[in-house]
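S.K.: File structure.tsv follows (TSV, C-alpha atoms):
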```tsv
chain	number	residue	atom	x	y	z
U	301	SER	CA	-103.22	-61.09	-87.00
U	302	MET	CA	-105.16	-64.33	-86.64
U	303	MET	CA	-104.72	-66.13	-83.30
U	304	GLY	CA	-101.13	-64.90	-83.06
U	305	ALA	CA	-100.25	-65.43	-86.73
U	306	SER	CA	-99.62	-62.57	-89.13
U	307	VAL	CA	-102.11	-62.78	-91.97
U	308	VAL	CA	-102.46	-60.81	-95.22
U	309	VAL	CA	-105.30	-60.68	-97.74
U	310	GLY	CA	-103.74	-59.68	-101.05
U	311	SER	CA	-106.67	-58.62	-103.21
U	312	TYR	CA	-104.83	-56.35	-105.64
U	313	VAL	CA	-101.46	-57.82	-106.52
U	314	PRO	CA	-100.14	-58.58	-110.03
U	315	ASP	CA	-98.73	-62.05	-109.33
U	316	ARG	CA	-100.45	-63.75	-106.39
U	317	HIS	CA	-98.19	-66.81	-106.38
U	318	GLU	CA	-95.07	-64.65	-106.17
U	319	PHE	CA	-96.81	-62.49	-103.55
U	320	ASN	CA	-97.80	-65.51	-101.44
U	321	SER	CA	-94.29	-66.94	-101.64
U	322	ALA	CA	-92.71	-63.63	-100.59
U	323	LEU	CA	-95.12	-63.35	-97.66
U	324	SER	CA	-94.36	-66.86	-96.52
U	325	GLN	CA	-90.62	-66.20	-96.59
U	326	ALA	CA	-91.23	-63.13	-94.42
U	327	GLY	CA	-93.20	-65.18	-91.90
U	328	TRP	CA	-96.66	-64.00	-92.99
U	329	ILE	CA	-99.58	-66.25	-93.92
U	330	PRO	CA	-101.66	-65.18	-96.93
U	331	ILE	CA	-105.38	-65.59	-97.40
U	332	ASP	CA	-105.37	-66.15	-101.15
U	333	ALA	CA	-107.70	-63.79	-103.03
U	334	SER	CA	-107.29	-65.29	-106.47
U	335	VAL	CA	-110.60	-67.18	-106.32
U	336	LYS	CA	-112.43	-63.93	-105.52
U	337	GLY	CA	-110.74	-62.33	-108.50
U	338	LEU	CA	-111.86	-65.13	-110.78
U	339	ASP	CA	-115.45	-64.98	-109.47
U	340	TYR	CA	-115.80	-61.25	-110.02
U	341	ALA	CA	-114.03	-61.18	-113.39
U	342	ALA	CA	-116.33	-63.89	-114.70
U	343	ALA	CA	-119.61	-62.49	-113.35
U	344	CYS	CA	-118.81	-58.78	-113.91
U	345	PRO	CA	-116.18	-58.62	-116.68
U	346	GLN	CA	-116.24	-54.82	-116.94
U	347	GLY	CA	-116.61	-54.16	-113.22
U	348	PRO	CA	-119.73	-53.07	-111.31
U	349	GLY	CA	-122.65	-52.52	-113.62
U	350	SER	CA	-121.57	-55.21	-116.07
U	351	CYS	CA	-122.69	-58.21	-114.02
U	352	ARG	CA	-124.77	-60.93	-115.67
U	353	ASP	CA	-125.56	-64.64	-115.40
U	354	LEU	CA	-122.94	-66.93	-116.85
U	355	THR	CA	-123.64	-69.34	-119.65
U	356	ARG	CA	-123.03	-73.01	-118.92
U	357	SER	CA	-119.74	-72.96	-120.82
U	358	GLU	CA	-118.60	-69.77	-119.02
U	359	GLU	CA	-119.48	-71.35	-115.70
U	360	ASP	CA	-117.57	-74.52	-116.54
U	361	LEU	CA	-114.55	-72.44	-117.55
U	362	LEU	CA	-114.66	-70.50	-114.27
U	363	LEU	CA	-114.91	-73.65	-112.16
U	364	ASN	CA	-112.01	-75.24	-114.03
U	365	ARG	CA	-109.93	-72.12	-113.41
U	366	VAL	CA	-110.82	-72.16	-109.72
U	367	ALA	CA	-109.85	-75.83	-109.45
U	368	LEU	CA	-106.56	-75.13	-111.22
U	369	GLU	CA	-105.81	-72.16	-108.96
U	370	VAL	CA	-106.41	-74.27	-105.85
U	371	THR	CA	-104.42	-77.18	-107.29
U	372	GLU	CA	-101.44	-74.83	-107.59
U	373	ALA	CA	-101.93	-73.17	-104.20
U	374	ALA	CA	-102.87	-76.06	-101.92
U	375	PRO	CA	-99.73	-78.25	-102.14
U	376	SER	CA	-97.50	-75.28	-101.36
U	377	GLY	CA	-98.96	-74.97	-97.88
U	378	LEU	CA	-98.58	-71.23	-98.23
U	379	VAL	CA	-102.23	-70.20	-97.88
U	380	SER	CA	-104.41	-70.14	-94.78
U	381	GLY	CA	-107.67	-69.52	-96.60
U	382	TYR	CA	-109.40	-68.73	-99.89
U	383	TYR	CA	-111.12	-65.35	-100.15
U	384	LEU	CA	-114.46	-65.68	-101.97
U	385	THR	CA	-116.27	-62.32	-101.74
U	386	ASP	CA	-115.46	-58.67	-101.18
U	387	ASP	CA	-117.30	-55.50	-102.23
U	388	TYR	CA	-120.89	-56.26	-103.21
U	389	TRP	CA	-121.33	-56.02	-106.99
U	390	THR	CA	-124.13	-58.50	-107.59
U	391	ALA	CA	-125.85	-61.54	-106.13
U	392	LEU	CA	-123.57	-64.55	-106.62
U	393	GLY	CA	-125.65	-67.08	-104.71
U	394	ARG	CA	-126.10	-69.36	-107.73
U	395	LEU	CA	-122.38	-69.44	-108.39
U	396	LEU	CA	-120.71	-69.57	-104.99
U	397	PRO	CA	-121.79	-73.10	-103.92
U	398	LYS	CA	-120.32	-74.43	-107.16
U	399	VAL	CA	-117.12	-72.43	-106.61
U	400	TYR	CA	-116.93	-73.87	-103.09
U	401	GLN	CA	-117.26	-77.41	-104.43
U	402	ALA	CA	-114.55	-76.70	-107.00
U	403	ILE	CA	-112.26	-75.65	-104.15
U	404	ARG	CA	-113.12	-78.73	-102.10
U	405	SER	CA	-112.47	-81.00	-105.07
U	406	ARG	CA	-108.81	-79.96	-104.86
U	407	ASP	CA	-108.39	-78.95	-101.19
U	408	ALA	CA	-110.51	-80.62	-98.54
U	409	THR	CA	-109.51	-78.58	-95.51
U	410	THR	CA	-108.29	-75.01	-96.12
U	411	PRO	CA	-111.17	-72.70	-95.06
U	412	THR	CA	-112.91	-70.16	-97.24
U	413	VAL	CA	-113.26	-66.54	-96.10
U	414	CYS	CA	-116.17	-64.32	-97.16
U	415	GLY	CA	-115.63	-60.57	-96.85
U	416	PHE	CA	-118.43	-58.05	-96.30
U	417	SER	CA	-118.36	-54.28	-95.89
U	418	LEU	CA	-120.01	-52.56	-92.93
U	419	ASN	CA	-119.42	-48.82	-93.25
U	420	LEU	CA	-118.78	-46.86	-90.11
U	421	SER	CA	-121.58	-44.46	-89.25
U	422	LEU	CA	-121.34	-40.91	-87.97
U	423	ARG	CA	-122.10	-40.01	-84.38
U	424	GLY	CA	-125.47	-38.41	-84.12
U	425	ALA	CA	-126.69	-39.81	-87.42
U	426	ALA	CA	-130.39	-40.57	-87.41
U	427	GLY	CA	-133.06	-42.09	-89.59
U	428	ALA	CA	-132.05	-43.38	-93.00
U	429	THR	CA	-128.48	-42.09	-92.63
U	430	ALA	CA	-127.95	-44.23	-89.54
U	431	SER	CA	-129.44	-47.35	-91.13
U	432	ASP	CA	-127.66	-47.09	-94.49
U	433	PRO	CA	-124.61	-49.17	-93.47
U	434	LEU	CA	-126.83	-51.95	-92.11
U	435	ALA	CA	-129.05	-51.93	-95.21
U	436	ALA	CA	-126.00	-52.25	-97.47
U	437	PHE	CA	-124.57	-55.00	-95.26
U	438	ALA	CA	-127.84	-56.94	-95.37
U	439	LYS	CA	-127.95	-56.64	-99.17
U	440	ALA	CA	-124.38	-57.92	-99.46
U	441	LEU	CA	-125.34	-60.96	-97.37
U	442	GLN	CA	-127.11	-62.29	-100.45
U	443	ASN	CA	-123.62	-63.69	-101.04
U	444	TYR	CA	-123.39	-65.32	-97.61
U	445	SER	CA	-124.22	-68.87	-96.66
U	446	PRO	CA	-122.66	-71.22	-94.11
U	447	ARG	CA	-122.59	-73.71	-96.99
U	448	TRP	CA	-119.74	-71.86	-98.69
U	449	CYS	CA	-118.43	-69.36	-96.11
U	450	ASP	CA	-116.31	-71.20	-93.54
U	451	SER	CA	-115.42	-67.87	-91.93
U	452	VAL	CA	-116.48	-64.24	-92.26
U	453	LEU	CA	-114.41	-61.07	-92.57
U	454	ILE	CA	-116.10	-57.74	-91.80
U	455	TYR	CA	-114.30	-54.59	-92.90
U	456	SER	CA	-115.47	-51.20	-91.64
U	457	TYR	CA	-114.29	-47.83	-92.96
U	458	ALA	CA	-115.59	-44.30	-92.63
U	459	PRO	CA	-117.66	-43.21	-95.64
U	460	SER	CA	-115.96	-41.07	-98.26
U	461	SER	CA	-117.41	-37.68	-99.13
U	462	LYS	CA	-116.84	-34.79	-101.52
U	463	VAL	CA	-116.79	-32.47	-98.51
U	464	TRP	CA	-115.14	-32.81	-95.13
U	465	LEU	CA	-117.58	-34.48	-92.77
U	466	ALA	CA	-118.25	-32.26	-89.79
U	467	ALA	CA	-119.71	-35.03	-87.65
U	468	SER	CA	-117.27	-37.40	-86.00
U	469	VAL	CA	-117.01	-41.06	-86.90
U	470	ASP	CA	-118.47	-43.72	-84.61
U	471	TRP	CA	-115.28	-45.75	-84.27
U	472	LYS	CA	-116.96	-47.84	-81.54
U	473	MET	CA	-119.41	-49.11	-84.19
U	474	SER	CA	-121.96	-48.81	-81.40
U	475	ALA	CA	-124.81	-48.31	-83.87
U	476	THR	CA	-123.92	-51.07	-86.30
U	477	LEU	CA	-121.68	-53.99	-85.36
U	478	SER	CA	-123.92	-55.88	-82.93
U	479	GLN	CA	-126.88	-55.41	-85.28
U	480	ALA	CA	-124.84	-56.58	-88.27
U	481	LEU	CA	-123.85	-59.75	-86.41
U	482	ALA	CA	-127.51	-60.33	-85.54
U	483	ILE	CA	-128.39	-60.07	-89.25
U	484	LEU	CA	-125.57	-62.50	-90.02
U	485	ARG	CA	-126.94	-64.97	-87.44
U	486	SER	CA	-130.35	-64.73	-89.06
U	487	ARG	CA	-128.71	-65.98	-92.26
U	488	GLY	CA	-127.42	-69.10	-90.53
U	489	TRP	CA	-124.05	-67.91	-89.20
U	490	ARG	CA	-122.92	-69.69	-86.04
U	491	PRO	CA	-119.85	-68.09	-84.41
U	492	SER	CA	-118.95	-71.32	-82.59
U	493	LYS	CA	-118.44	-73.01	-85.96
U	494	SER	CA	-117.47	-70.07	-88.16
U	495	PRO	CA	-115.08	-67.41	-86.83
U	496	PHE	CA	-115.37	-63.80	-87.85
U	497	TYR	CA	-112.42	-61.48	-88.44
U	498	GLY	CA	-112.50	-57.71	-88.03
U	499	THR	CA	-110.68	-55.46	-90.48
U	500	VAL	CA	-110.06	-51.95	-89.18
U	501	GLN	CA	-109.43	-48.75	-91.12
U	502	ALA	CA	-105.78	-47.74	-90.96
U	503	PHE	CA	-105.73	-45.03	-93.61
U	504	GLY	CA	-107.37	-41.76	-94.53
U	505	ALA	CA	-107.93	-39.66	-97.64
U	506	THR	CA	-107.44	-35.89	-97.78
U	507	PRO	CA	-107.09	-34.43	-101.28
U	508	PRO	CA	-104.20	-31.94	-101.37
U	509	THR	CA	-106.07	-29.69	-103.81
U	510	PRO	CA	-109.80	-30.40	-103.51
U	511	ARG	CA	-111.82	-30.00	-106.68
U	512	PRO	CA	-115.53	-30.02	-105.83
U	513	HIS	CA	-116.62	-31.37	-109.20
U	514	ASP	CA	-113.90	-33.99	-109.63
U	515	VAL	CA	-115.46	-37.35	-108.68
U	516	ARG	CA	-112.01	-38.85	-108.22
U	517	GLN	CA	-111.34	-36.53	-105.33
U	518	GLY	CA	-112.83	-37.43	-101.97
U	519	TYR	CA	-112.25	-37.13	-98.26
U	520	ARG	CA	-112.25	-40.10	-95.93
U	521	PRO	CA	-111.83	-39.26	-92.23
U	522	ALA	CA	-108.71	-40.95	-90.90
U	523	PRO	CA	-108.43	-42.53	-87.46
U	524	ASP	CA	-105.97	-41.20	-84.95
U	525	PRO	CA	-104.25	-43.79	-82.71
U	526	ALA	CA	-107.01	-43.61	-80.10
U	527	ASP	CA	-109.66	-44.10	-82.80
U	528	LEU	CA	-107.85	-47.15	-84.15
U	529	LEU	CA	-107.63	-48.64	-80.65
U	530	THR	CA	-111.34	-47.99	-80.18
U	531	GLN	CA	-112.25	-49.78	-83.41
U	532	ILE	CA	-110.01	-52.75	-82.61
U	533	SER	CA	-111.56	-53.04	-79.15
U	534	ALA	CA	-115.06	-52.89	-80.63
U	535	PHE	CA	-114.36	-55.82	-82.92
U	536	CYS	CA	-112.78	-57.89	-80.17
U	537	SER	CA	-115.54	-57.16	-77.67
U	538	GLN	CA	-118.06	-58.49	-80.21
U	539	GLY	CA	-116.14	-61.76	-80.58
U	540	ALA	CA	-113.78	-61.20	-83.50
U	541	GLN	CA	-111.16	-63.96	-83.53
U	542	ALA	CA	-108.71	-62.01	-85.65
U	543	ILE	CA	-107.82	-58.39	-86.34
U	544	LEU	CA	-106.55	-57.26	-89.71
U	545	ALA	CA	-105.80	-53.69	-90.77
U	546	TYR	CA	-106.54	-52.24	-94.19
U	547	ALA	CA	-103.33	-50.35	-94.88
U	548	TRP	CA	-104.18	-48.97	-98.33
U	549	ASN	CA	-100.56	-48.66	-99.43
U	550	ASP	CA	-101.37	-47.60	-102.99
U	551	GLY	CA	-98.99	-44.67	-103.31
U	552	GLN	CA	-101.77	-42.20	-104.12
U	553	PRO	CA	-100.99	-38.57	-103.18
U	554	ASP	CA	-104.52	-38.00	-101.84
U	555	ARG	CA	-104.01	-40.64	-99.15
U	556	PRO	CA	-101.08	-39.30	-97.14
U	557	LEU	CA	-102.08	-41.25	-94.05
U	558	GLN	CA	-101.44	-44.96	-94.46
U	559	LEU	CA	-100.29	-47.62	-92.06
U	560	SER	CA	-96.94	-47.74	-93.87
U	561	THR	CA	-96.37	-44.00	-93.32
U	562	SER	CA	-97.64	-43.66	-89.74
U	563	PRO	CA	-95.54	-45.08	-86.89
U	564	GLU	CA	-98.27	-43.91	-84.49
U	565	LEU	CA	-100.91	-46.05	-86.18
U	566	ARG	CA	-98.57	-49.04	-86.27
U	567	LEU	CA	-97.97	-48.70	-82.53
U	568	ALA	CA	-101.71	-48.42	-81.90
U	569	LEU	CA	-102.37	-51.50	-84.03
U	570	ALA	CA	-99.79	-53.49	-82.05
U	571	LYS	CA	-101.22	-52.27	-78.73
U	572	GLY	CA	-104.77	-53.10	-79.79
U	573	TYR	CA	-103.76	-56.52	-81.01
U	574	ARG	CA	-102.03	-57.31	-77.69
U	575	ALA	CA	-105.23	-56.37	-75.83
U	576	CYS	CA	-107.24	-58.68	-78.10
U	577	GLN	CA	-104.70	-61.44	-77.64
U	578	ARG	CA	-105.16	-61.23	-73.87
U	579	ARG	CA	-108.90	-61.53	-74.40
U	580	TRP	CA	-108.44	-64.54	-76.71
U	581	THR	CA	-106.10	-66.19	-74.19
U	582	ASN	CA	-108.59	-65.66	-71.35
U	583	ASP	CA	-111.40	-67.01	-73.53
U	584	GLU	CA	-109.37	-70.17	-74.21
U	585	ARG	CA	-108.66	-70.58	-70.50
U	586	SER	CA	-112.36	-70.22	-69.73
U	587	LYS	CA	-113.17	-72.95	-72.25
U	588	ASP	CA	-110.55	-75.24	-70.68
U	589	LEU	CA	-112.06	-74.72	-67.23
U	590	ALA	CA	-115.62	-75.27	-68.40
```
Turn this file's structure into structure tokens for me.

M.R.:
Amino acid sequence: SMMGASVVVGSYVPDRHEFNSALSQAGWIPIDASVKGLDYAAACPQGPGSCRDLTRSEEDLLLNRVALEVTEAAPSGLVSGYYLTDDYWTALGRLLPKVYQAIRSRDATTPTVCGFSLNLSLRGAAGATASDPLAAFAKALQNYSPRWCDSVLIYSYAPSSKVWLAASVDWKMSATLSQALAILRSRGWRPSKSPFYGTVQAFGATPPTPRPHDVRQGYRPAPDPADLLTQISAFCSQGAQAILAYAWNDGQPDRPLQLSTSPELRLALAKGYRACQRRWTNDERSKDLA
């Protein structure tokens, strides 16, 4: 939820316009991910590993498609933001300012949202293992600039593994979140002008029949309700102005724990959100008294 409003980022949906309309009718506000989809499809047509610079004509085609997408979305009033980046595939710094201008040519006010991954670390991790999430986050920030990111979304999930991880997950993000925000500030981010949203992990992966040599099989430690509350609190205590939950409702049999199938996680999410909302309300009161 964002400041009391229910918000959804729909990155993987077949018809985004139909999806956005259905969400609006249900009282939800979508952050439209179609621009992100266009960016990535143009720069990396075959997925990660296929990324390359666009020709001038390819770039013009992309920008025209972005403008058309925004032209269709903006008048509806159904979107609360345009999602520009997600998983790091390649440096898009040459392209994103032009994409931002294409958005602004059709919609002068709806903010853009740039998403970046910050993996959760394991308690007791040391050396390179402990710094890996921050190194990956810093690399992904090649795609960040306050010139085209009006707001920032940080999503943090436990790392997947071919074996069950014996160490416990640092749901407090004590080793990473404050440092990640410091790195973001060093790139020009100013929280007073650009809010950041925290996306918590509300799913887990446990293969029913593990096959050690099958790369499609992998474990991902799942949060219990207390873990989810801890992660929500960590984001809010570091100044997140919204909390979203990655539900991962993909119907895969190796992910039995999803937000849609766990009443306990849904209750924890609601409880954590209410605690954040009290913090946001107190912060607003403090500003009014200042």

S.K.: Just to confirm, what's the straight-line distance from atom CA of U:Leu565 to atom CA of U:Pro523 in Å (one decimal)?

M.R.: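 Value for the atom CA of U:Leu565-atom CA of U:Pro523 distance: 8.4 Å.
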
S.K.: Using all atoms listed in the file, which residue out of U:Pro521, U:Gly572, U:Pro491, U:Pro397 lies closest to U:Phe535?

M.R.: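 Closest candidate: U:Gly572.
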
S.K.: Mind giving me the straight-line distance from atom CA of U:Leu481 to atom CA of U:Ala341 in Å, one decimal?

M.R.: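 Value for the atom CA of U:Leu481-atom CA of U:Ala341 distance: 28.7 Å.
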
S.K.: Report, in Å to a single decimal, how far apart atom CA of U:Ser460 and atom CA of U:Gln531 are.

M.R.: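 Distance between the two atoms: 17.6 Å.
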
S.K.: Using all atoms listed in the file, can you list as a PDB file with C-alpha atoms, in the coordinates of the input the residues within 12 Å of (-125.0, -58.3, -100.8)?

M.R.:
```
ATOM      1  CA  THR U 385    -116.270 -62.320-101.740  1.00  0.00           C
ATOM      2  CA  ASP U 386    -115.460 -58.670-101.180  1.00  0.00           C
ATOM      3  CA  ASP U 387    -117.300 -55.500-102.230  1.00  0.00           C
ATOM      4  CA  TYR U 388    -120.890 -56.260-103.210  1.00  0.00           C
ATOM      5  CA  TRP U 389    -121.330 -56.020-106.990  1.00  0.00           C
ATOM      6  CA  THR U 390    -124.130 -58.500-107.590  1.00  0.00           C
ATOM      7  CA  ALA U 391    -125.850 -61.540-106.130  1.00  0.00           C
ATOM      8  CA  LEU U 392    -123.570 -64.550-106.620  1.00  0.00           C
ATOM      9  CA  GLY U 393    -125.650 -67.080-104.710  1.00  0.00           C
ATOM     10  CA  CYS U 414    -116.170 -64.320 -97.160  1.00  0.00           C
ATOM     11  CA  GLY U 415    -115.630 -60.570 -96.850  1.00  0.00           C
ATOM     12  CA  PHE U 416    -118.430 -58.050 -96.300  1.00  0.00           C
ATOM     13  CA  SER U 417    -118.360 -54.280 -95.890  1.00  0.00           C
ATOM     14  CA  LEU U 418    -120.010 -52.560 -92.930  1.00  0.00           C
ATOM     15  CA  PRO U 433    -124.610 -49.170 -93.470  1.00  0.00           C
ATOM     16  CA  LEU U 434    -126.830 -51.950 -92.110  1.00  0.00           C
ATOM     17  CA  ALA U 435    -129.050 -51.930 -95.210  1.00  0.00           C
ATOM     18  CA  ALA U 436    -126.000 -52.250 -97.470  1.00  0.00           C
ATOM     19  CA  PHE U 437    -124.570 -55.000 -95.260  1.00  0.00           C
ATOM     20  CA  ALA U 438    -127.840 -56.940 -95.370  1.00  0.00           C
ATOM     21  CA  LYS U 439    -127.950 -56.640 -99.170  1.00  0.00           C
ATOM     22  CA  ALA U 440    -124.380 -57.920 -99.460  1.00  0.00           C
ATOM     23  CA  LEU U 441    -125.340 -60.960 -97.370  1.00  0.00           C
ATOM     24  CA  GLN U 442    -127.110 -62.290-100.450  1.00  0.00           C
ATOM     25  CA  ASN U 443    -123.620 -63.690-101.040  1.00  0.00           C
ATOM     26  CA  TYR U 444    -123.390 -65.320 -97.610  1.00  0.00           C
ATOM     27  CA  SER U 445    -124.220 -68.870 -96.660  1.00  0.00           C
ATOM     28  CA  LEU U 484    -125.570 -62.500 -90.020  1.00  0.00           C
TER      29      LEU U 484
END
```

S.K.: Around all the atoms of stretch 341-351 of chain U listed in the file, with 6 Å of room on each side, what axis-aligned box do you get, giving centre and edge lengths in Å to one decimal, as lines of an AutoDock Vina configuration file?

M.R.:
```
center_x = -118.4
center_y = -58.2
center_z = -114.1
size_x = 20.7
size_y = 23.4
size_z = 17.6
```

S.K.: Measuring between all atoms listed in the file, which one of U:Val399, U:Leu453, U:Met473, U:Leu378 shows the shortest distance to U:Leu338?

M.R.: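 Among the listed residues, the smallest separation from U:Leu338 belongs to U:Val399.
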
S.K.: Find the spatial neighbours of U:Ser494, counting only C-alpha atoms, within a cut-off of 10 Å - ignore same-chain residues fewer than 2 positions away - and output them as a PyMOL selection string.

M.R.: chain U and resi 411+413+446+449-452+489-492+496-497+541

S.K.: Within 12 Å of U:Arg566, counting all atoms listed in the file, which residues qualify if same-chain residues fewer than 4 places away don't, as a VMD selection string?

M.R.: chain U and resid 501 to 503 523 to 526 528 to 529 544 to 547 557 to 562 570 to 573
